[in-house]
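Raw work_11.pdb, PDB, C-alpha atoms:
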ATOM      1  CA  MET A  77     -34.276  53.018 -10.115  1.00  0.00           C
ATOM      2  CA  SER A  78     -32.999  50.285  -7.864  1.00  0.00           C
ATOM      3  CA  ARG A  79     -33.194  50.805  -4.117  1.00  0.00           C
ATOM      4  CA  ARG A  80     -30.425  48.367  -3.403  1.00  0.00           C
ATOM      5  CA  LYS A  81     -27.298  49.521  -1.665  1.00  0.00           C
ATOM      6  CA  ILE A  82     -24.092  49.363  -3.633  1.00  0.00           C
ATOM      7  CA  ILE A  83     -22.011  46.748  -1.871  1.00  0.00           C
ATOM      8  CA  LYS A  84     -18.272  47.272  -1.724  1.00  0.00           C
ATOM      9  CA  LYS A  85     -16.022  44.381  -2.723  1.00  0.00           C
ATOM     10  CA  ARG A  86     -14.394  42.954   0.388  1.00  0.00           C
ATOM     11  CA  PHE A  87     -10.862  41.735  -0.210  1.00  0.00           C
ATOM     12  CA  PRO A  88      -9.589  38.952   2.022  1.00  0.00           C
ATOM     13  CA  SER A  89      -6.987  39.705   4.640  1.00  0.00           C
ATOM     14  CA  PRO A  90      -3.437  38.707   3.694  1.00  0.00           C
ATOM     15  CA  ASP A  91      -2.064  35.334   4.733  1.00  0.00           C
ATOM     16  CA  PRO A  92      -0.360  35.523   8.172  1.00  0.00           C
ATOM     17  CA  VAL A  93       2.693  33.495   7.089  1.00  0.00           C
ATOM     18  CA  TYR A  94       3.486  34.995   3.657  1.00  0.00           C
ATOM     19  CA  ASN A  95       1.576  38.302   4.024  1.00  0.00           C
ATOM     20  CA  ASN A  96       0.017  37.767   0.590  1.00  0.00           C
ATOM     21  CA  TYR A  97      -3.701  37.979  -0.174  1.00  0.00           C
ATOM     22  CA  LEU A  98      -3.463  35.554  -3.138  1.00  0.00           C
ATOM     23  CA  VAL A  99      -2.200  32.878  -0.746  1.00  0.00           C
ATOM     24  CA  SER A 100      -5.200  33.447   1.532  1.00  0.00           C
ATOM     25  CA  ILE A 101      -7.563  33.079  -1.451  1.00  0.00           C
ATOM     26  CA  LEU A 102      -5.781  29.831  -2.398  1.00  0.00           C
ATOM     27  CA  VAL A 103      -6.277  28.580   1.160  1.00  0.00           C
ATOM     28  CA  SER A 104      -9.995  29.359   0.960  1.00  0.00           C
ATOM     29  CA  ARG A 105     -10.221  27.477  -2.374  1.00  0.00           C
ATOM     30  CA  LEU A 106      -8.555  24.419  -0.784  1.00  0.00           C
ATOM     31  CA  ILE A 107     -10.799  24.245   2.308  1.00  0.00           C
ATOM     32  CA  LYS A 108     -12.891  21.111   2.662  1.00  0.00           C
ATOM     33  CA  ASP A 109     -15.371  20.604   5.508  1.00  0.00           C
ATOM     34  CA  GLY A 110     -14.336  23.882   7.178  1.00  0.00           C
ATOM     35  CA  LYS A 111     -10.783  22.743   7.999  1.00  0.00           C
ATOM     36  CA  LYS A 112      -8.932  25.982   7.346  1.00  0.00           C
ATOM     37  CA  THR A 113      -5.849  25.128   9.414  1.00  0.00           C
ATOM     38  CA  LEU A 114      -5.325  21.961   7.382  1.00  0.00           C
ATOM     39  CA  ALA A 115      -5.644  23.950   4.147  1.00  0.00           C
ATOM     40  CA  GLN A 116      -3.097  26.503   5.417  1.00  0.00           C
ATOM     41  CA  ASN A 117      -0.676  23.699   6.291  1.00  0.00           C
ATOM     42  CA  ILE A 118      -1.098  22.190   2.813  1.00  0.00           C
ATOM     43  CA  VAL A 119      -0.348  25.528   1.107  1.00  0.00           C
ATOM     44  CA  CYS A 120       2.684  26.141   3.355  1.00  0.00           C
ATOM     45  CA  ASP A 121       4.002  22.639   2.626  1.00  0.00           C
ATOM     46  CA  ALA A 122       3.480  23.137  -1.117  1.00  0.00           C
ATOM     47  CA  LEU A 123       5.362  26.452  -1.064  1.00  0.00           C
ATOM     48  CA  GLU A 124       8.197  24.853   0.952  1.00  0.00           C
ATOM     49  CA  ILE A 125       8.427  22.072  -1.646  1.00  0.00           C
ATOM     50  CA  ILE A 126       8.642  24.705  -4.407  1.00  0.00           C
ATOM     51  CA  ALA A 127      11.385  26.574  -2.497  1.00  0.00           C
ATOM     52  CA  TYR A 128      13.340  23.324  -2.061  1.00  0.00           C
ATOM     53  CA  LYS A 129      12.992  22.114  -5.664  1.00  0.00           C
ATOM     54  CA  MET A 130      13.425  25.401  -7.517  1.00  0.00           C
ATOM     55  CA  GLU A 131      15.728  27.152  -5.015  1.00  0.00           C
ATOM     56  CA  THR A 132      13.976  30.505  -5.516  1.00  0.00           C
ATOM     57  CA  ASP A 133      11.330  32.519  -3.685  1.00  0.00           C
ATOM     58  CA  PRO A 134       8.168  30.373  -3.727  1.00  0.00           C
ATOM     59  CA  ILE A 135       5.868  33.422  -3.690  1.00  0.00           C
ATOM     60  CA  GLU A 136       7.389  34.635  -6.984  1.00  0.00           C
ATOM     61  CA  ILE A 137       6.767  31.210  -8.553  1.00  0.00           C
ATOM     62  CA  PHE A 138       3.212  31.191  -7.159  1.00  0.00           C
ATOM     63  CA  GLU A 139       2.408  34.680  -8.463  1.00  0.00           C
ATOM     64  CA  LYS A 140       3.924  33.866 -11.864  1.00  0.00           C
ATOM     65  CA  ALA A 141       1.802  30.703 -12.030  1.00  0.00           C
ATOM     66  CA  VAL A 142      -1.378  32.641 -11.198  1.00  0.00           C
ATOM     67  CA  LYS A 143      -0.471  35.312 -13.770  1.00  0.00           C
ATOM     68  CA  ASN A 144       0.118  32.656 -16.448  1.00  0.00           C
ATOM     69  CA  VAL A 145      -3.203  30.907 -15.744  1.00  0.00           C
ATOM     70  CA  THR A 146      -5.329  34.084 -15.446  1.00  0.00           C
ATOM     71  CA  PRO A 147      -7.681  34.307 -18.456  1.00  0.00           C
ATOM     72  CA  LEU A 148      -8.223  37.558 -20.334  1.00  0.00           C
ATOM     73  CA  VAL A 149     -11.604  36.619 -21.867  1.00  0.00           C
ATOM     74  CA  GLU A 150     -14.334  34.125 -21.094  1.00  0.00           C
ATOM     75  CA  VAL A 151     -17.651  33.196 -22.674  1.00  0.00           C
ATOM     76  CA  LYS A 152     -20.974  33.792 -20.955  1.00  0.00           C
ATOM     77  CA  ALA A 153     -24.320  32.416 -22.076  1.00  0.00           C
ATOM     78  CA  ARG A 154     -26.615  35.227 -23.225  1.00  0.00           C
ATOM     79  CA  ARG A 155     -30.202  34.594 -24.244  1.00  0.00           C
ATOM     80  CA  PHE A 156     -31.321  36.719 -27.154  1.00  0.00           C
ATOM     81  CA  GLY A 157     -34.387  36.238 -29.345  1.00  0.00           C
ATOM     82  CA  GLY A 158     -35.103  32.663 -28.278  1.00  0.00           C
ATOM     83  CA  ALA A 159     -31.530  31.500 -28.871  1.00  0.00           C
ATOM     84  CA  THR A 160     -28.664  31.206 -26.425  1.00  0.00           C
ATOM     85  CA  TYR A 161     -25.339  32.609 -27.596  1.00  0.00           C
ATOM     86  CA  GLN A 162     -21.904  32.148 -26.067  1.00  0.00           C
ATOM     87  CA  VAL A 163     -20.796  35.780 -25.833  1.00  0.00           C
ATOM     88  CA  PRO A 164     -17.097  36.551 -25.219  1.00  0.00           C
ATOM     89  CA  MET A 165     -16.604  38.923 -22.282  1.00  0.00           C
ATOM     90  CA  GLU A 166     -13.488  40.494 -20.813  1.00  0.00           C
ATOM     91  CA  VAL A 167     -12.564  39.242 -17.352  1.00  0.00           C
ATOM     92  CA  THR A 168     -11.872  41.626 -14.465  1.00  0.00           C
ATOM     93  CA  SER A 169      -8.568  41.155 -12.689  1.00  0.00           C
ATOM     94  CA  PHE A 170     -10.177  39.902  -9.462  1.00  0.00           C
ATOM     95  CA  ARG A 171     -12.364  37.354 -11.259  1.00  0.00           C
ATOM     96  CA  GLY A 172      -9.426  36.335 -13.447  1.00  0.00           C
ATOM     97  CA  SER A 173      -7.212  35.542 -10.475  1.00  0.00           C
ATOM     98  CA  ASN A 174     -10.107  33.735  -8.775  1.00  0.00           C
ATOM     99  CA  LEU A 175     -10.650  31.587 -11.878  1.00  0.00           C
ATOM    100  CA  ALA A 176      -6.923  30.912 -12.090  1.00  0.00           C
ATOM    101  CA  LEU A 177      -6.749  29.735  -8.469  1.00  0.00           C
ATOM    102  CA  ARG A 178      -9.865  27.594  -8.937  1.00  0.00           C
ATOM    103  CA  TRP A 179      -8.363  25.945 -12.032  1.00  0.00           C
ATOM    104  CA  ILE A 180      -5.009  25.361 -10.294  1.00  0.00           C
ATOM    105  CA  VAL A 181      -6.693  23.661  -7.312  1.00  0.00           C
ATOM    106  CA  LYS A 182      -8.901  21.550  -9.588  1.00  0.00           C
ATOM    107  CA  ALA A 183      -5.943  20.506 -11.749  1.00  0.00           C
ATOM    108  CA  SER A 184      -3.834  19.653  -8.705  1.00  0.00           C
ATOM    109  CA  ARG A 185      -6.620  17.492  -7.251  1.00  0.00           C
ATOM    110  CA  LYS A 186      -6.835  15.582 -10.552  1.00  0.00           C
ATOM    111  CA  ARG A 187      -3.060  14.909 -10.637  1.00  0.00           C
ATOM    112  CA  THR A 188      -1.565  11.608  -9.577  1.00  0.00           C
ATOM    113  CA  GLY A 189       0.706  11.698  -6.563  1.00  0.00           C
ATOM    114  CA  LYS A 190       0.971  10.973  -2.859  1.00  0.00           C
ATOM    115  CA  THR A 191      -0.116  14.106  -1.021  1.00  0.00           C
ATOM    116  CA  ILE A 192      -2.129  17.145  -2.057  1.00  0.00           C
ATOM    117  CA  ALA A 193       0.824  19.378  -1.092  1.00  0.00           C
ATOM    118  CA  LEU A 194       3.076  17.585  -3.605  1.00  0.00           C
ATOM    119  CA  LYS A 195       0.388  17.720  -6.288  1.00  0.00           C
ATOM    120  CA  LEU A 196      -0.281  21.433  -5.661  1.00  0.00           C
ATOM    121  CA  ALA A 197       3.443  22.223  -5.746  1.00  0.00           C
ATOM    122  CA  ALA A 198       3.848  20.323  -9.023  1.00  0.00           C
ATOM    123  CA  GLU A 199       0.881  22.110 -10.595  1.00  0.00           C
ATOM    124  CA  LEU A 200       2.171  25.528  -9.489  1.00  0.00           C
ATOM    125  CA  MET A 201       5.646  24.784 -10.886  1.00  0.00           C
ATOM    126  CA  ASP A 202       4.131  23.606 -14.182  1.00  0.00           C
ATOM    127  CA  ALA A 203       1.872  26.666 -14.385  1.00  0.00           C
ATOM    128  CA  SER A 204       4.835  28.977 -13.797  1.00  0.00           C
ATOM    129  CA  LYS A 205       6.536  27.298 -16.786  1.00  0.00           C
ATOM    130  CA  SER A 206       3.335  27.709 -18.874  1.00  0.00           C
ATOM    131  CA  SER A 207       2.422  24.043 -19.011  1.00  0.00           C
ATOM    132  CA  GLY A 208       0.024  21.791 -17.125  1.00  0.00           C
ATOM    133  CA  ASP A 209      -3.709  21.243 -16.876  1.00  0.00           C
ATOM    134  CA  ALA A 210      -4.587  24.726 -15.588  1.00  0.00           C
ATOM    135  CA  ILE A 211      -2.827  26.372 -18.556  1.00  0.00           C
ATOM    136  CA  ARG A 212      -4.707  24.033 -20.903  1.00  0.00           C
ATOM    137  CA  LYS A 213      -7.982  25.181 -19.304  1.00  0.00           C
ATOM    138  CA  LYS A 214      -7.042  28.835 -19.925  1.00  0.00           C
ATOM    139  CA  GLN A 215      -6.204  28.111 -23.566  1.00  0.00           C
ATOM    140  CA  GLU A 216      -9.520  26.269 -23.933  1.00  0.00           C
ATOM    141  CA  SER A 217     -11.356  29.318 -22.561  1.00  0.00           C
ATOM    142  CA  HIS A 218      -9.533  31.620 -24.991  1.00  0.00           C
ATOM    143  CA  LYS A 219     -10.312  29.290 -27.923  1.00  0.00           C
ATOM    144  CA  MET A 220     -14.016  29.330 -27.046  1.00  0.00           C
ATOM    145  CA  ALA A 221     -13.982  33.138 -26.928  1.00  0.00           C
ATOM    146  CA  GLU A 222     -12.158  33.309 -30.265  1.00  0.00           C
ATOM    147  CA  ALA A 223     -14.620  30.896 -31.891  1.00  0.00           C
ATOM    148  CA  ASN A 224     -17.598  32.959 -30.678  1.00  0.00           C
ATOM    149  CA  LYS A 225     -16.119  36.336 -31.585  1.00  0.00           C
ATOM    150  CA  ALA A 226     -19.001  36.874 -34.033  1.00  0.00           C
ATOM    151  CA  PHE A 227     -21.429  37.223 -31.108  1.00  0.00           C
ATOM    152  CA  ALA A 228     -19.413  39.941 -29.381  1.00  0.00           C
ATOM    153  CA  HIS A 229     -22.031  42.548 -30.335  1.00  0.00           C
ATOM    154  CA  PHE A 230     -24.466  40.872 -27.866  1.00  0.00           C
ATOM    155  CA  ARG A 231     -22.230  42.023 -25.013  1.00  0.00           C
ATOM    156  CA  TYR A 232     -24.054  43.751 -22.166  1.00  0.00           C
TER     157      TYR A 232
END

Using the file provided, produce a representation of the structure as structure tokens.
Amino acid sequence: MSRRKIIKKRFPSPDPVYNNYLVSILVSRLIKDGKKTLAQNIVCDALEIIAYKMETDPIEIFEKAVKNVTPLVEVKARRFGGATYQVPMEVTSFRGSNLALRWIVKASRKRTGKTIALKLAAELMDASKSSGDAIRKKQESHKMAEANKAFAHFRY
């Protein structure tokens, strides 16, 4: 039996401006070179842009975007009998939201535009309407899981 301690999952503290823990995770995904204040300013600017353009609560749009991008299944490589199989696995809610935020940030960085705040706002608005690059990534993940459904019995 393992002698390791069971480590509890530590959730991040909520964002001081919006009092939302998803926003604080988004800030941590945006950080480059340890500049957290800059990342917080970018997220605040993006949410202000969403509030101005859509004239609704930006947190609702943000949460809807994350919910739309969150994958239900993903494939994991599993080695069995000398061969590597792509095994579809269900995604936990915490990992799903983390993947969604990672995909949103990556898609917004790839977009064309002037500032990262504008690009992030545009990607969040698109994701809330179920379009955009992050949604395409989710659909790609689901397609891979569907194609490899035959290997589901290798699940661990």

Exercise for the section: Please evaluate the PyMOL selection byres ((chain A and resi 134) around 10) against the displayed coordinates and give the resulting residues as a list in words. Expected result: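 With the PyMOL selection byres ((chain A and resi 134) around 10) on this model, the match is Tyr94, Cys120, Ala122, Leu123, Glu124, Ile125, Ile126, Ala127, Tyr128, Lys129, Met130, Glu131, Thr132, Asp133, Ile135, Glu136, Ile137, Phe138, Glu139, Lys140, Ala197, Leu200 and Met201 of chain A.
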
Practice task
Record the distance separating CA of Gln116 in chain A and CA of Thr168 in chain A, expressed in Å with one decimal.
Solution key: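 Between CA of Gln116 in chain A and CA of Thr168 in chain A the gap works out to 26.5 Å.
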
Which residues are close to range 184-196 of chain A, i.e. within 6 Å by only C-alpha atoms, leaving aside same-chain residues fewer than 3 positions away? Reply as a short mmCIF file (atom, residue, chain, number, x, y, z; two decimals) with C-alpha atoms, keeping the file's coordinate frame.
data_model
loop_
_atom_site.label_atom_id
_atom_site.label_comp_id
_atom_site.auth_asym_id
_atom_site.auth_seq_id
_atom_site.Cartn_x
_atom_site.Cartn_y
_atom_site.Cartn_z
CA ILE A 118 -1.10 22.19 2.81
CA ASP A 121 4.00 22.64 2.63
CA ALA A 122 3.48 23.14 -1.12
CA VAL A 181 -6.69 23.66 -7.31
CA GLU A 199 0.88 22.11 -10.60
#

Problem - Target residues per the PyMOL selection byres ((chain A and resi 164-166) around 7), formatted as a VMD selection string - result: chain A and resid 148 to 152 162 to 163 167 to 168 221 224 to 225 228 231

Exercise for the section: Pick out the closest residue to Asp209 in chain A from this set: A:Lys85, A:Ser173, A:Arg105, A:Ala141. Count all atoms listed in the file. Expected result: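 So, comparing all the options, the nearest one is A:Ala141.
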
Problem - Residues in the PyMOL selection byres ((chain A and resi 87) around 10), expressed as JSON, numbers by chain - result: {"A": [84, 85, 86, 88, 89, 90, 97, 101, 170]}

Exercise for the section: Could you please determine the separation between CA of Val119 in chain A and CA of Lys143 in chain A in Å, to one decimal place? Expected result: 17.8 Å

Handout entry: Selection: 7 Å around Ala203 in chain A, all atoms listed in the file, excl. self and same-chain fewer than 5 positions, as a VMD selection string
Key = chain A and resid 141 144 to 145 208 210 to 211

Practice task
Counting only C-alpha atoms, find the residues whose atoms lie at most 6 Å from (-6.8, 30.8, -14.2) (file coordinates) and write them out as a list in words.
Solution key: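 Result, sorted by chain then residue number: Val145, Thr146, Pro147, Leu175, Ala176, Leu177 and Trp179 of chain A.
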